[in-house]
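Asks: One structure coming up, written as structure tokens, with questions to follow.
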2 protein chains.
Amino acid sequence: MQQWIDRLRAGDARALSRVISAVENRAPESSDLLKALFPHSGHARIIGLTGAPGSGKSTLVDQLAKYYREENRTVGIIAVDPTSPYTGGAILGDRIRMQDHFSDPGIYIRSMATRGALGGLARTTAAVATVLDAAGRDMILIETVGVGQDEIDIVRLANITIVILVPGMGDDVQTIKAGIMEIADIFVINKSDHEGAERVEREIRAMQSLATRDDKWTPPIVKTVATNGSGVKELAHAISQYEAYLKREDLVLKRDIQNWQERLTEMLRDALLDKARAHLSDGQLIHYASEVAAHKRDPYTVVEEIVGRVKKN
Amino acid sequence: MQQWIDRLRAGDARALSRVISAVENRAPESSDLLKALFPHSGHARIIGLTGAPGSGKSTLVDQLAKYYREENRTVGIIAVDPTSPYTGGAILGDRIRMQDHFSDPGIYIRSMATRGALGGLARTTAAVATVLDAAGRDMILIETVGVGQDEIDIVRLANITIVILVPGMGDDVQTIKAGIMEIADIFVINKSDHEGAERVEREIRAMQSLATRDDKWTPPIVKTVATNGSGVKELAHAISQYEAYLKREDLVLKRDIQNWQERLTEMLRDALLDKARAHLSDGQLIHYASEVAAHKRDPYTVVEEIVGRVKKN
């Protein structure tokens, strides 16, 4: 194991891929790997980018990665895609094209599925970010699609959260935008050459006037056209400014501690579930499920009974 | 408490609202209420409807509710919205308008936020569905926005899952569609009078040819225009046909048992987390989080330590 860690720390891309795979698949050695790598992490800047489907997230992430490369910083991209048996191939193809386009070892891209084990996304994304961080990547860009709990999980993981909006996507999308308004440190209006960009900006401003952040930062609004790179420099500048603000106000550690409270709680929940599963055979679970499905017993009492048993063992 | 249960079972809408609120807020009495109500549940048909933002879900749900009312069946609607401090009011306003429009006690509508406590959405939606079911509602329609874990949770809850697509929503949306393809028992192409409806249908068929369901059901594709009610009768017919299929193949109980295995596991996880929290004061959690944020300790070892303590107590 130490061999893999040494190679990964020395910048070996193959070791990086191998360790990430071990962590993703929760291989037996993954827990020891993460424990050994964690002390080497904490240097990377982690940037979360989220937005509605069709907002051009991937293109923007590519442009931002390019920008950082020109500044000689290494980049790791974690693309969290709502993949499935149907699309896994297509998305992979996408990413391979992108990797091909860069053909630069300074950019490492990893696509991840949101489906899978319970608590899988948060846990795996966090673990992969730790690996990239320990491998010495300067900037880690995490990109997600979706409007669910995923966005909240990103916030906990990222030092900076960027919410990407686009002009003219109808009312339902406005609702979703609103749903993720409070997690944005920076807003991006992508496709800002399209009609309606001003309107989106006005809407953000209107919602901001109602907002109550726990700091005095007013999230700036950056207009981009990711397809031609316009506004990307301004976005990178906004990111730097927010980082400077956090440092100036002595908020970096405070934020980290807040985030770790949430993340430890989640990790704890997952660990306890693993424990519970170890005490509950598949046969027992099916037995309980059958009783509940037949309405012979209620699920609330059943769960209390299992919890009691876990504690005794 | 028995008084509330009796009134709820007698069809009293105010008792229903009150019990649902108690369950949503996890009031001290909610556990006993759910235990007492569960034996009365199991009669309602639970239909989950999900789709990308802007697909017209709410309008379709309204139309379906109307249709069932004309058949003299009572309806409960659970609208799971990605609400936030910013939009809570707007969505509520929406729902009040809708309720006003019906002004029919045979339709009960409850909006719920996806944000909040850990594991909150799945747990609360399930509990509210149990209450509506025990209150004698014939049809329970659960409507969600989003592409995350939420959809999977609906599947576990619902007897039937309907995935709503619309023509012409760009490539990213196609990806999401694919992400939820495997959970659909029925597909709806809403706004089917828009250009591109045929293309969506072809895409569904193409993806279906790759699918591996654990039964022999081929999800039908129903075309609707929710705004004028066109296709709603056909949708209700498709729902009946799927129910008939499940009965004919003796799959109803089998499905229920599978779903309860998943749901019990989730409930167990939440219960264990509650237990863990009871053993871990806020001060201790902050202490651990501070150590991890300062990189003095790694989070994996910390969580193992807490799990060890939970078991001892």
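Residues in the structure tokens are numbered from 1 in each chain, the chains being A, B, ... in the order shown, and ligands are numbered from 1 in the order shown.
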Hey, could you lay chain B over chain A with a least-squares C-alpha fit (all atoms, paired in order) and save it as a short mmCIF file (atom, residue, chain, number, x, y, z; two decimals) with C-alpha atoms, in the first residue's frame?

Replies:
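Output file part.cif follows:
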data_model
loop_
_atom_site.label_atom_id
_atom_site.label_comp_id
_atom_site.auth_asym_id
_atom_site.auth_seq_id
_atom_site.Cartn_x
_atom_site.Cartn_y
_atom_site.Cartn_z
CA MET B 1 0.05 -0.01 0.02
CA GLN B 2 2.83 2.43 0.92
CA GLN B 3 4.16 1.94 -2.59
CA TRP B 4 0.90 3.23 -4.11
CA ILE B 5 0.87 6.19 -1.76
CA ASP B 6 4.45 7.10 -2.62
CA ARG B 7 3.80 6.86 -6.33
CA LEU B 8 0.59 8.85 -6.03
CA ARG B 9 2.36 11.54 -4.01
CA ALA B 10 5.10 11.64 -6.65
CA GLY B 11 2.47 12.53 -9.27
CA ASP B 12 2.08 9.14 -10.95
CA ALA B 13 -1.26 9.32 -12.82
CA ARG B 14 -1.65 5.56 -12.94
CA ALA B 15 -1.28 5.24 -9.19
CA LEU B 16 -3.81 8.04 -8.83
CA SER B 17 -6.35 6.21 -10.99
CA ARG B 18 -5.77 2.99 -9.16
CA VAL B 19 -6.19 4.50 -5.69
CA ILE B 20 -9.33 6.36 -6.79
CA SER B 21 -10.78 3.12 -8.14
CA ALA B 22 -10.04 1.34 -4.87
CA VAL B 23 -11.78 4.12 -2.97
CA GLU B 24 -14.76 4.21 -5.36
CA ASN B 25 -15.27 0.48 -5.15
CA ARG B 26 -14.73 0.49 -1.41
CA ALA B 27 -12.01 -2.10 -1.76
CA PRO B 28 -10.80 -3.66 1.52
CA GLU B 29 -7.69 -1.47 1.49
CA SER B 30 -9.60 1.79 0.91
CA SER B 31 -10.08 2.62 4.56
CA ASP B 32 -6.34 2.30 5.29
CA LEU B 33 -5.50 4.24 2.13
CA LEU B 34 -7.74 7.13 3.15
CA LYS B 35 -6.38 7.19 6.67
CA ALA B 36 -2.85 7.33 5.31
CA LEU B 37 -3.67 9.97 2.69
CA PHE B 38 -5.72 12.31 4.84
CA PRO B 39 -2.73 13.95 6.60
CA HIS B 40 -1.38 14.88 3.16
CA SER B 41 -4.62 16.58 2.15
CA GLY B 42 -5.88 20.06 2.95
CA HIS B 43 -3.83 22.03 0.45
CA ALA B 44 -6.13 21.98 -2.57
CA ARG B 45 -8.81 24.53 -3.23
CA ILE B 46 -12.11 22.68 -3.73
CA ILE B 47 -14.64 24.41 -5.95
CA GLY B 48 -18.16 23.04 -6.37
CA LEU B 49 -20.12 23.95 -9.48
CA THR B 50 -23.80 23.18 -9.73
CA GLY B 51 -26.74 24.20 -11.85
CA ALA B 52 -29.79 23.07 -13.72
CA PRO B 53 -29.52 20.60 -16.59
CA GLY B 54 -28.52 22.24 -19.83
CA SER B 55 -26.70 25.10 -18.15
CA GLY B 56 -23.36 24.25 -19.76
CA LYS B 57 -21.60 23.20 -16.58
CA SER B 58 -19.15 20.81 -18.22
CA THR B 59 -18.04 23.37 -20.80
CA LEU B 60 -17.53 25.96 -18.10
CA VAL B 61 -15.56 23.52 -15.96
CA ASP B 62 -13.36 22.72 -18.97
CA GLN B 63 -12.70 26.41 -19.54
CA LEU B 64 -11.91 27.04 -15.90
CA ALA B 65 -9.54 24.07 -15.90
CA LYS B 66 -7.78 25.49 -18.96
CA TYR B 67 -7.48 28.86 -17.28
CA TYR B 68 -5.88 27.36 -14.17
CA ARG B 69 -3.50 25.31 -16.32
CA GLU B 70 -2.31 28.51 -17.97
CA GLU B 71 -1.53 29.74 -14.46
CA ASN B 72 0.47 26.55 -13.99
CA ARG B 73 -1.84 25.04 -11.43
CA THR B 74 -2.76 21.36 -11.58
CA VAL B 75 -6.42 20.47 -11.75
CA GLY B 76 -8.58 17.54 -10.71
CA ILE B 77 -12.15 17.36 -12.00
CA ILE B 78 -14.82 15.21 -10.40
CA ALA B 79 -17.87 15.06 -12.65
CA VAL B 80 -20.85 13.66 -10.79
CA ASP B 81 -23.28 12.51 -13.43
CA PRO B 82 -26.73 11.01 -12.99
CA THR B 83 -25.58 8.08 -14.98
CA SER B 84 -27.28 4.72 -15.35
CA PRO B 85 -26.75 1.41 -17.08
CA TYR B 86 -28.09 3.18 -20.17
CA THR B 87 -25.86 6.20 -20.27
CA GLY B 88 -22.69 5.10 -18.51
CA GLY B 89 -21.05 4.51 -21.84
CA ALA B 90 -22.07 7.79 -23.37
CA ILE B 91 -20.84 9.85 -20.47
CA LEU B 92 -17.62 7.93 -20.31
CA GLY B 93 -17.19 8.60 -24.03
CA ASP B 94 -17.72 12.27 -23.37
CA ARG B 95 -15.07 12.34 -20.75
CA ILE B 96 -12.61 10.39 -22.78
CA ARG B 97 -13.09 12.92 -25.60
CA MET B 98 -12.51 15.70 -23.17
CA GLN B 99 -9.39 14.09 -21.75
CA ASP B 100 -8.17 13.50 -25.23
CA HIS B 101 -8.74 17.15 -26.07
CA PHE B 102 -6.52 18.26 -23.26
CA SER B 103 -4.00 15.43 -23.39
CA ASP B 104 -2.41 17.23 -20.46
CA PRO B 105 -1.39 15.24 -17.37
CA GLY B 106 -2.01 18.43 -15.37
CA ILE B 107 -5.74 17.82 -15.73
CA TYR B 108 -7.18 14.67 -14.24
CA ILE B 109 -10.87 13.92 -14.84
CA ARG B 110 -13.00 11.40 -13.02
CA SER B 111 -16.67 10.77 -13.79
CA MET B 112 -18.86 9.36 -11.06
CA ALA B 113 -22.38 8.05 -10.99
CA THR B 114 -24.91 9.33 -8.49
CA ARG B 115 -26.64 5.98 -8.38
CA GLY B 116 -25.49 3.16 -6.21
CA ALA B 117 -25.04 2.38 -2.58
CA LEU B 118 -26.80 4.36 0.10
CA GLY B 119 -24.88 7.43 1.07
CA GLY B 120 -22.61 6.58 -1.79
CA LEU B 121 -22.35 9.89 -3.55
CA ALA B 122 -21.36 12.05 -0.62
CA ARG B 123 -18.95 9.51 0.76
CA THR B 124 -17.30 8.68 -2.52
CA THR B 125 -17.01 12.25 -3.78
CA ALA B 126 -15.43 13.30 -0.50
CA ALA B 127 -13.01 10.40 -0.58
CA VAL B 128 -11.99 11.04 -4.20
CA ALA B 129 -11.45 14.71 -3.41
CA THR B 130 -9.19 13.71 -0.50
CA VAL B 131 -7.17 11.47 -2.82
CA LEU B 132 -6.78 14.22 -5.45
CA ASP B 133 -5.86 16.67 -2.73
CA ALA B 134 -3.21 14.33 -1.25
CA ALA B 135 -1.91 13.72 -4.78
CA GLY B 136 -1.02 17.39 -4.90
CA ARG B 137 -3.71 18.76 -7.22
CA ASP B 138 -3.95 22.51 -6.67
CA MET B 139 -7.53 23.00 -7.79
CA ILE B 140 -10.31 20.44 -7.48
CA LEU B 141 -13.43 21.19 -9.48
CA ILE B 142 -16.52 19.21 -8.55
CA GLU B 143 -19.34 19.42 -11.03
CA THR B 144 -22.87 18.15 -10.33
CA VAL B 145 -26.15 18.02 -12.09
CA GLY B 146 -29.34 17.90 -10.12
CA VAL B 147 -31.44 19.62 -7.56
CA GLY B 148 -31.55 17.16 -4.69
CA GLN B 149 -29.46 16.58 -1.62
CA ASP B 150 -26.39 16.42 -3.86
CA GLU B 151 -25.96 20.18 -3.90
CA ILE B 152 -25.97 20.36 -0.15
CA ASP B 153 -23.32 17.66 -0.02
CA ILE B 154 -21.12 19.67 -2.36
CA VAL B 155 -21.35 22.69 -0.14
CA ARG B 156 -19.98 20.68 2.73
CA LEU B 157 -17.13 19.49 0.61
CA ALA B 158 -16.25 22.62 -1.32
CA ASN B 159 -14.51 25.74 -0.14
CA ILE B 160 -16.47 27.69 -2.74
CA THR B 161 -19.82 26.95 -4.33
CA ILE B 162 -20.73 28.31 -7.72
CA VAL B 163 -24.32 28.17 -8.94
CA ILE B 164 -24.74 28.30 -12.70
CA LEU B 165 -27.93 29.73 -14.19
CA VAL B 166 -28.95 30.33 -17.79
CA PRO B 167 -31.47 32.67 -19.38
CA GLY B 168 -34.92 31.54 -20.38
CA MET B 169 -35.51 28.13 -18.87
CA GLY B 170 -39.11 28.51 -17.75
CA ASP B 171 -40.82 28.75 -14.43
CA ASP B 172 -40.06 25.37 -12.96
CA VAL B 173 -36.37 26.02 -13.39
CA GLN B 174 -36.75 29.33 -11.62
CA THR B 175 -38.06 27.37 -8.67
CA ILE B 176 -35.03 25.15 -8.68
CA LYS B 177 -32.74 28.08 -8.99
CA ALA B 178 -34.37 29.45 -5.88
CA GLY B 179 -33.87 26.11 -4.14
CA ILE B 180 -30.12 26.41 -4.49
CA MET B 181 -29.86 30.17 -4.10
CA GLU B 182 -28.70 30.05 -0.52
CA ILE B 183 -25.71 27.83 -1.18
CA ALA B 184 -24.10 30.09 -3.81
CA ASP B 185 -20.93 32.00 -3.03
CA ILE B 186 -20.78 33.10 -6.65
CA PHE B 187 -23.46 33.14 -9.33
CA VAL B 188 -22.68 32.50 -12.98
CA ILE B 189 -25.10 33.40 -15.73
CA ASN B 190 -23.84 31.21 -18.53
CA LYS B 191 -25.04 31.56 -22.13
CA SER B 192 -25.23 35.23 -21.22
CA ASP B 193 -25.38 36.15 -24.91
CA HIS B 194 -28.86 34.62 -24.99
CA GLU B 195 -31.98 36.71 -24.55
CA GLY B 196 -33.11 37.05 -20.97
CA ALA B 197 -29.71 37.30 -19.25
CA GLU B 198 -30.65 40.67 -17.75
CA ARG B 199 -33.86 39.23 -16.41
CA VAL B 200 -32.02 36.38 -14.66
CA GLU B 201 -29.67 38.91 -13.10
CA ARG B 202 -32.59 40.99 -11.84
CA GLU B 203 -34.18 37.87 -10.37
CA ILE B 204 -30.99 36.93 -8.53
CA ARG B 205 -30.72 40.44 -7.12
CA ALA B 206 -34.33 40.34 -6.01
CA MET B 207 -33.84 37.02 -4.23
CA GLN B 208 -30.60 38.22 -2.67
CA SER B 209 -32.43 41.11 -1.06
CA LEU B 210 -34.39 38.50 0.91
CA ALA B 211 -31.37 36.40 1.80
CA THR B 212 -29.81 35.94 5.20
CA ARG B 213 -26.26 34.68 4.93
CA ASP B 214 -24.25 34.05 8.06
CA ASP B 215 -21.52 36.32 6.73
CA LYS B 216 -21.45 39.69 5.01
CA TRP B 217 -20.45 38.40 1.58
CA THR B 218 -22.73 39.40 -1.29
CA PRO B 219 -22.34 36.71 -3.96
CA PRO B 220 -21.23 38.41 -7.17
CA ILE B 221 -22.87 37.61 -10.50
CA VAL B 222 -20.46 36.71 -13.31
CA LYS B 223 -21.68 36.51 -16.90
CA THR B 224 -20.05 33.90 -19.08
CA VAL B 225 -20.30 32.34 -22.51
CA ALA B 226 -18.52 29.07 -21.78
CA THR B 227 -18.48 27.97 -25.42
CA ASN B 228 -16.11 30.82 -26.35
CA GLY B 229 -14.45 31.30 -22.97
CA SER B 230 -15.85 34.75 -22.40
CA GLY B 231 -16.12 35.67 -18.73
CA VAL B 232 -13.97 32.79 -17.50
CA LYS B 233 -11.16 35.08 -16.38
CA GLU B 234 -13.71 37.17 -14.48
CA LEU B 235 -15.01 34.02 -12.82
CA ALA B 236 -11.52 33.01 -11.70
CA HIS B 237 -11.08 36.54 -10.36
CA ALA B 238 -14.35 36.31 -8.40
CA ILE B 239 -13.15 33.01 -6.93
CA SER B 240 -9.89 34.63 -5.78
CA GLN B 241 -11.77 37.52 -4.28
CA TYR B 242 -14.00 35.23 -2.28
CA GLU B 243 -10.98 33.31 -1.02
CA ALA B 244 -9.33 36.57 -0.01
CA TYR B 245 -12.50 37.58 1.79
CA LEU B 246 -12.61 34.31 3.77
CA LYS B 247 -8.99 34.75 4.82
CA ARG B 248 -9.40 38.40 5.70
CA GLU B 249 -12.41 37.68 7.90
CA ASP B 250 -10.73 34.64 9.44
CA LEU B 251 -13.54 32.40 8.24
CA VAL B 252 -11.58 29.58 6.59
CA LEU B 253 -11.14 27.36 9.64
CA LYS B 254 -14.56 28.27 10.99
CA ARG B 255 -16.17 27.10 7.76
CA ASP B 256 -14.10 23.95 7.73
CA ILE B 257 -15.18 23.08 11.24
CA GLN B 258 -18.85 23.65 10.37
CA ASN B 259 -18.53 21.47 7.29
CA TRP B 260 -16.76 18.71 9.16
CA GLN B 261 -19.53 18.59 11.73
CA GLU B 262 -21.95 17.78 8.93
CA ARG B 263 -19.61 15.41 7.19
CA LEU B 264 -18.70 13.50 10.33
CA THR B 265 -22.39 13.11 11.06
CA GLU B 266 -22.97 11.66 7.60
CA MET B 267 -19.97 9.36 7.85
CA LEU B 268 -21.20 8.25 11.23
CA ARG B 269 -24.60 7.43 9.80
CA ASP B 270 -23.07 5.36 7.02
CA ALA B 271 -20.74 3.57 9.44
CA LEU B 272 -23.62 2.71 11.75
CA LEU B 273 -25.63 1.38 8.85
CA ASP B 274 -22.73 -0.85 7.85
CA LYS B 275 -22.61 -2.08 11.42
CA ALA B 276 -26.36 -2.72 11.44
CA ARG B 277 -26.16 -4.61 8.19
CA ALA B 278 -23.44 -6.80 9.62
CA HIS B 279 -25.82 -7.77 12.41
CA LEU B 280 -28.76 -8.35 10.11
CA SER B 281 -28.56 -11.18 7.63
CA ASP B 282 -30.29 -10.86 4.27
CA GLY B 283 -32.68 -13.57 5.39
CA GLN B 284 -33.66 -11.61 8.48
CA LEU B 285 -34.18 -8.42 6.50
CA ILE B 286 -36.44 -10.25 4.03
CA HIS B 287 -38.33 -11.77 6.95
CA TYR B 288 -38.96 -8.34 8.48
CA ALA B 289 -39.86 -6.84 5.10
CA SER B 290 -42.35 -9.64 4.48
CA GLU B 291 -44.06 -9.05 7.79
CA VAL B 292 -44.33 -5.34 7.13
CA ALA B 293 -45.50 -5.80 3.53
CA ALA B 294 -48.22 -8.14 4.80
CA HIS B 295 -49.12 -5.47 7.38
CA LYS B 296 -48.57 -7.95 10.19
CA ARG B 297 -46.20 -5.56 11.91
CA ASP B 298 -45.52 -1.86 11.57
CA PRO B 299 -42.09 -0.75 10.32
CA TYR B 300 -41.50 1.65 13.20
CA THR B 301 -41.60 -1.07 15.84
CA VAL B 302 -39.50 -3.36 13.66
CA VAL B 303 -36.76 -0.76 13.33
CA GLU B 304 -36.75 -0.15 17.08
CA GLU B 305 -36.30 -3.85 17.61
CA ILE B 306 -33.33 -4.05 15.23
CA VAL B 307 -31.68 -1.01 16.82
CA GLY B 308 -32.01 -2.70 20.20
CA ARG B 309 -30.25 -5.77 18.85
CA VAL B 310 -27.42 -3.80 17.26
CA LYS B 311 -26.65 -2.20 20.59
CA LYS B 312 -26.51 -5.49 22.42
CA ASN B 313 -24.08 -7.12 20.03
#
